[in-house]
Every structure is written in structure tokens, then in C-alpha cells.
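Q: Got a structure for you, questions after.
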Amino acid sequence: MIEIFSDRATIRHALAFERALSRATAAEGLIAMETAEAISAASSAHEIDPTELAEEATLAGTLAIPLVKRLRASLSGDAAEALHRGATSQDIADTVLMRQCVAGTQLLLGDARRVCTALYEVAERHAGTPAIGRTLLQDAAPVGFGLRLSQAAAGIDSAARRLHAEVAANAKIQLGGAAGTRAGLDGKGAAIAARMADDLGLAAGAPWHARREGVVGIAAAIGILIGALGKFARDVSLLAQNAVGEAREPAIAGRGGSSAMAHKRNPAGCQVALSAATRAPGLVAAMLGGLPQEEERGLGGWQAEAPALADLFLLAAGCASAMATVAEGLEIDKAAVARNLKAAGVGTDIGESVAIVAEILTHHRD
């Protein structure tokens, strides 16, 4: 995930935008195919030092200005003139961010599937295992131990599906030009954008410079996924307490120890997830704060999105990876489960727990 949002990856995506734009405008007859090939060759061969570009971008206020300037300097004639035709700096920035969202989501969904697959298997095995249910952090009525796990998995599964849907719907090509009118594209802007979208693996659509609900929807979906993973982490950390002891993270050498107390086995994976769940809401709120964009292209709002969204993806990646390891090696102490239920003195009637687990598995398990 760090690589997906790295400076070098950002530059690669920006150059890919220029290649896709040149190919699309050539396919629609706006520039010669030879011109597009020259632009494509130059952008493919161009090596740009991220540090130097960052310094120039700081002065320019955007990555696109120094990048296009450098690329144009390596071209001549019609190719230099045709470069970046009909596009603006925000077109590059938004398209780059959407490609990063697509790649980042693929990573997240992979680890989310690992969590759910493991939890559904454990939940099925323990669907009928009587355990004490807890409400408001107090002993309540009996439940099937697997019901708690299946509910946690279903929440993660639903959040992952939500993220997939948000990205599929909103990871769109951005091509609108200076004021979002696609001026200078001879009335072929929609066709060019559609070709670029297909080239870059994004959805097609109208320019959306000042409409940020799609980006914020992706951010919110990541926040929900982190929160759903955090719910699982919270449950495991509570069940792992010494006085409870019903479940533990897998024993992994070097993980979960204490520098001062050798006897401790800390829920380190849950710690990662809960730390992420603590930070994520603030980042989502920052994205929400940028929704009131000014007129055709805003000032300050959308520029704040990329670092916030990158942080959300990075938090989610660490969270999902940590909890996948926990889920795949989760240890259940059936003796402790039975002991705690007996101590509560509420019987063993788990109601329809087994049927509910089966219902959840039927609905959610692929």
C-alpha cells in the first residue's frame, strides 16, 4: 500500500494519463497517430526525480505544471504542442488518485476476504457451542459462540462489499479542462474520456471537478471497513482478558510480549486495528469538510483529499492485514467458554443461534 501511494507511483500514473490522453485524441482524429506515439514514447522513457519535482510542485501549487513542463521539453514540434491538450492540472491529480484507489482497494479486499473466510469457518464449528452473551459489558443470556464471530465477519464482509461498490461507481476518469467544459477537444471530449477510462482501468463519466461526493464516499467506505475490523478486534481483546480467557490471538514469536512483564501475551494485532479505528473517523471527517467546493474548481478542499485518502488506505491495510493474521490463527478455549457460562448461572439455551449463523453464512459466504 505504501508503494501504491508513493511519489514514484504518483508520477507513473501522471505520465500514464498523458499517454492515454494522446492515444485517445489521436484515435478521435484530433492529432496525428505519429504525434501520439512520440508523446507516448517520451512519457514512457522519462525519468523524473520525485524530490526535484516536489520542490517545483510546491511553488507551482500542483504536480501537473512542472511535470508537463519537463515532458514538453523532451518533445518538439506537433508533439510538444499536442501534449496535455484539453486537460488541466486537476484532471491529472484526480485521475491519479482514482487509479490509486482502485489498486489500494484490491489489496484491502484480499485481506478482508482472508478475515471473513477464517471467521466463517470458526463460526460454523462453534455455532452450537453455548457461551455467555454479554450486553453493556455485563453477563447477559447464552449465545452460540459462533454467532458472535459470524456477526463480526458479516460486518466486515458488508463493509468490504460497500467499498468495492463505491470504488466501482466513483473511481472515474477526470477530463474536463480548465473550467470543466472540455473546451479544445472539438466536441469529442466524451469519446476521448471514454477511451482514456478504458485505457486506464477507470469508469467513464462527465467531469466532476467540484463534485467530491464520490471521493468522500470511497473515504467513508474505508472508514466503515476499518470500524468493522475494529469491532472484531475489540471483541477478541475483551475475550482475551485474563479473567475471561475465551479466545486469544495466535501465538507468534516476538509478537504481543511485554518489555517489563514476561508473563504477558498482549493482543498486538487487535491493538493495530483499534489504533486505526481511532484515527480513521478524523480523516473521514476531513474529507466531509471538503465537500462544499467553490464553483467550477475549488481552492484547498480537493487538494486536501489525496493525503487524507492515502492515510485511510494505509491505516486500513495495516488493520486488515493484522486482523487477517488474528482470524486465521484465532485460538478458542472451550473450557473457559463453558466455565464462564456456568459461573453466570443463566442456563444453556442459545435460542436460534445455530440457525442465525447458517443464515449469515448463506447470505455472506461466497
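Residues are referred to by chain and number: the chain letter is A, B, ... according to the order shown in the C-alpha cells, the number counts from 1 in that chain, and ligands are numbered separately from 1 in the order shown.
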Using only C-alpha atoms, which residues sit within 8 Å of region 108-116 of chain A once same-chain residues fewer than 3 positions away are excluded, as number ranges by chain?
A: A: 104-105, 119-120, 153-154, 156-157, 160, 164, 316-317, 320-321, 323-325, 327-328
Q: For the selection you just gave me, I'd like the residues written to a file as a PDB file, in the first residue's frame, keeping C-alpha atoms.
A:
ATOM      1  CA  GLY A 104      -5.480   0.043  -2.988  1.00  0.00           C
ATOM      2  CA  THR A 105      -8.971  -1.415  -2.843  1.00  0.00           C
ATOM      3  CA  LEU A 119     -14.075 -16.348  10.793  1.00  0.00           C
ATOM      4  CA  TYR A 120     -16.884 -18.070   8.911  1.00  0.00           C
ATOM      5  CA  ALA A 153     -17.434 -11.415   9.925  1.00  0.00           C
ATOM      6  CA  ALA A 154     -20.717 -10.320   8.344  1.00  0.00           C
ATOM      7  CA  ILE A 156     -16.543  -6.883   7.717  1.00  0.00           C
ATOM      8  CA  ASP A 157     -17.967  -8.613   4.638  1.00  0.00           C
ATOM      9  CA  ALA A 160     -15.831  -4.725   2.041  1.00  0.00           C
ATOM     10  CA  HIS A 164     -15.996  -2.380  -3.736  1.00  0.00           C
ATOM     11  CA  ALA A 316      -6.899   0.051   6.520  1.00  0.00           C
ATOM     12  CA  ALA A 317      -4.061  -2.007   5.046  1.00  0.00           C
ATOM     13  CA  ALA A 320      -6.855  -5.687   7.644  1.00  0.00           C
ATOM     14  CA  SER A 321      -3.502  -7.463   7.489  1.00  0.00           C
ATOM     15  CA  MET A 323      -6.748  -8.960  11.728  1.00  0.00           C
ATOM     16  CA  ALA A 324      -6.345 -11.494   8.914  1.00  0.00           C
ATOM     17  CA  THR A 325      -3.472 -12.992  10.901  1.00  0.00           C
ATOM     18  CA  ALA A 327      -8.598 -14.584  12.333  1.00  0.00           C
ATOM     19  CA  GLU A 328      -6.553 -17.304  10.660  1.00  0.00           C
TER      20      GLU A 328
END
Q: Find the residues near Leu314 (chain A): any atom within 9 Å, counting only C-alpha atoms, skip ones fewer than 2 places away on the same chain, and give them as a ChimeraX atom specification.
A: /A:1-2,5,104,309-312,316-319
Q: Kindly export the residues of the current selection with C-alpha atoms, as a compact mmCIF listing (two decimals), in the first residue's frame.
A:
# COMPACT_ATOMS: atom_id res chain seq x y z
CA MET A 1 0.00 0.00 0.00
CA ILE A 2 2.92 2.32 0.68
CA PHE A 5 0.67 5.83 -2.83
CA GLY A 104 -5.48 0.04 -2.99
CA LEU A 309 -7.26 9.26 1.49
CA ALA A 310 -3.76 7.79 1.33
CA ASP A 311 -3.64 7.74 5.14
CA LEU A 312 -7.00 5.95 5.24
CA ALA A 316 -6.90 0.05 6.52
CA ALA A 317 -4.06 -2.01 5.05
CA GLY A 318 -2.33 -2.40 8.39
CA CYS A 319 -5.63 -3.06 10.13
Q: Set the distance at 9 Å and use only C-alpha atoms: which residues neighbour Asn340 (chain A) once local chain neighbours fewer than 6 positions away are removed? I'd like the list as a list in words.
A: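 The residues satisfying every condition are Ala131, Ile132, Val244 and Glu246 of chain A.
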Q: Quick check, in Å to one decimal: how far apart do CA of Arg134 (chain A) and CA of Ala233 (chain A) lie?
A: 16.0 Å
Q: Out of A:Glu166, A:Asp78, A:Asp333, A:Glu305, which residue has the shortest atom-to-atom distance to Ala93 (chain A) when counting only C-alpha atoms?
A: A:Glu305
Q: Quick check for you: according to DSSP on this backbone, which residues of region 181-359 of chain A are classed as strand (DSSP E or B)? Reply as a PyMOL selection string.
A: chain A and resi 203+247-248+331-332
Q: So which residues touch region 277-285 of chain A within 10 Å, counting only C-alpha atoms, skipping near sequence neighbours fewer than 2 positions away, as a compact mmCIF listing (two decimals) with C-alpha atoms, in the first residue's frame?
A:
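Contents of out-v6.txt, as written:
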# COMPACT_ATOMS: atom_id res chain seq x y z
CA VAL A 216 -15.80 11.12 0.02
CA GLY A 217 -17.95 8.02 -0.47
CA ILE A 218 -14.80 5.97 -1.01
CA ALA A 219 -13.23 7.50 2.10
CA ALA A 220 -16.32 6.79 4.20
CA ALA A 221 -16.41 3.20 2.95
CA ILE A 222 -12.80 2.70 4.03
CA GLY A 223 -13.65 4.19 7.42
CA ILE A 224 -16.56 1.77 7.77
CA LEU A 225 -14.32 -1.17 6.87
CA ILE A 226 -11.76 -0.10 9.46
CA GLY A 227 -14.53 0.24 12.04
CA ALA A 228 -15.91 -3.22 11.20
CA LEU A 229 -12.45 -4.74 11.59
CA GLY A 230 -12.15 -2.79 14.83
CA LYS A 231 -15.33 -4.42 16.15
CA ALA A 233 -10.55 -6.58 17.31
CA GLN A 271 -4.03 -3.06 19.05
CA VAL A 272 -3.13 -2.24 15.44
CA ALA A 273 -6.76 -2.43 14.34
CA LEU A 274 -8.12 -0.41 17.25
CA SER A 275 -5.48 2.27 16.74
CA MET A 287 -12.92 14.61 3.66
CA LEU A 288 -16.50 15.52 4.51
CA GLY A 289 -15.34 19.02 5.36
CA GLY A 290 -14.09 19.49 1.81
CA GLU A 305 -8.09 14.82 -0.19
CA PRO A 307 -3.04 12.76 1.64
CA ALA A 308 -6.11 12.04 3.79
CA LEU A 309 -7.26 9.26 1.49
CA ALA A 310 -3.76 7.79 1.33
CA ASP A 311 -3.64 7.74 5.14
CA LEU A 312 -7.00 5.95 5.24
CA PHE A 313 -5.81 3.30 2.80
CA LEU A 315 -4.46 2.50 8.06
CA ALA A 316 -6.90 0.05 6.52
CA CYS A 319 -5.63 -3.06 10.13
Q: Which residues come within 7 Å of Gly133 (chain A), counting only C-alpha atoms, excluding same-chain residues fewer than 4 positions away, as a PyMOL selection string?
A: chain A and resi 139-143
Q: Could you tell me how far CA of Pro130 (chain A) lies from CA of Ile252 (chain A), in Å and to one decimal?
A: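 Pair CA of Pro130 (chain A) / CA of Ile252 (chain A) returns 28.5 Å.
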Q: Please compute the CA of Gly177 (chain A)-CA of Ala87 (chain A) distance, one decimal, in Å.
A: 4.3 Å
Q: So, with only C-alpha atoms as the atoms that count, which of A:Val96, A:Ala304, A:Ala191, A:Ala358 lies closest to Ala286 (chain A)?
A: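 Selected residue with least distance to Ala286 (chain A): A:Ala304.
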Q: Just checking: using only C-alpha atoms, which residue out of A:Ser237, A:Ser158, A:Thr117, A:Asn266 ends up closest to Ala251 (chain A)?
A: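 Smallest separation from Ala251 (chain A) among the options: A:Asn266.
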Q: Mind checking DSSP for region 96-264 of chain A and telling me the helix (DSSP H, G or I) residues as a VMD selection string?
A: chain A and resid 96 to 125 145 to 170 189 to 200 213 to 239
Q: Fewer than 3 positions away in the same chain doesn't count, so skip those; otherwise give me all residues within 9 Å of Gly86 (chain A), counting only C-alpha atoms, as a list in words.
A: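 These residues fall inside the cut-off: Leu21, Leu175, Gly176, Gly177, Ala178, Arg182, Ala183, Gly184, Leu185 and Gly189 of chain A.
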Q: Take the residues from that selection and write them out as a PDB file, in the first residue's frame, keeping N, CA and C atoms.
A:
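Just written: again06.pdb:
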ATOM      1  N   LEU A  21      -4.205  10.176 -22.842  1.00  0.00           N
ATOM      2  CA  LEU A  21      -4.809  11.347 -23.487  1.00  0.00           C
ATOM      3  C   LEU A  21      -4.335  11.469 -24.932  1.00  0.00           C
ATOM      4  N   LEU A 175     -11.613  14.327 -16.876  1.00  0.00           N
ATOM      5  CA  LEU A 175     -11.157  15.080 -18.046  1.00  0.00           C
ATOM      6  C   LEU A 175     -12.179  16.168 -18.327  1.00  0.00           C
ATOM      7  N   GLY A 176     -11.859  17.364 -17.863  1.00  0.00           N
ATOM      8  CA  GLY A 176     -12.783  18.474 -18.063  1.00  0.00           C
ATOM      9  C   GLY A 176     -12.134  19.732 -18.586  1.00  0.00           C
ATOM     10  N   GLY A 177     -10.796  19.817 -18.448  1.00  0.00           N
ATOM     11  CA  GLY A 177     -10.119  21.029 -18.865  1.00  0.00           C
ATOM     12  C   GLY A 177     -10.272  22.146 -17.846  1.00  0.00           C
ATOM     13  N   ALA A 178      -9.866  23.318 -18.240  1.00  0.00           N
ATOM     14  CA  ALA A 178      -9.703  24.439 -17.311  1.00  0.00           C
ATOM     15  C   ALA A 178     -10.925  24.728 -16.451  1.00  0.00           C
ATOM     16  N   ARG A 182     -14.540  20.852 -21.213  1.00  0.00           N
ATOM     17  CA  ARG A 182     -13.864  20.083 -22.269  1.00  0.00           C
ATOM     18  C   ARG A 182     -13.652  20.927 -23.531  1.00  0.00           C
ATOM     19  N   ALA A 183     -13.332  22.193 -23.290  1.00  0.00           N
ATOM     20  CA  ALA A 183     -13.018  23.080 -24.417  1.00  0.00           C
ATOM     21  C   ALA A 183     -11.736  22.612 -25.090  1.00  0.00           C
ATOM     22  N   GLY A 184     -11.668  22.816 -26.414  1.00  0.00           N
ATOM     23  CA  GLY A 184     -10.473  22.480 -27.170  1.00  0.00           C
ATOM     24  C   GLY A 184     -10.415  21.044 -27.624  1.00  0.00           C
ATOM     25  N   LEU A 185     -11.485  20.284 -27.423  1.00  0.00           N
ATOM     26  CA  LEU A 185     -11.497  18.882 -27.832  1.00  0.00           C
ATOM     27  C   LEU A 185     -12.462  18.638 -28.992  1.00  0.00           C
ATOM     28  N   GLY A 189     -14.957  15.410 -26.506  1.00  0.00           N
ATOM     29  CA  GLY A 189     -14.463  15.189 -25.147  1.00  0.00           C
ATOM     30  C   GLY A 189     -14.984  13.929 -24.494  1.00  0.00           C
TER      31      GLY A 189
END
Q: Fewer than 5 positions away in the same chain doesn't count, so skip those; otherwise give me all residues within 10 Å of Leu361 (chain A), counting only C-alpha atoms, as a VMD selection string.
A: chain A and resid 120 to 121 123 to 124 150 to 151 153 to 154 355 to 356 366
Q: Counting only C-alpha atoms, which of A:Leu107, A:Ala210, A:Ile39, A:Ala127 gets nearest to Gln293 (chain A)?
A: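 Looking only at the distances to Gln293 (chain A), the closest residue turns out to be A:Ala210.
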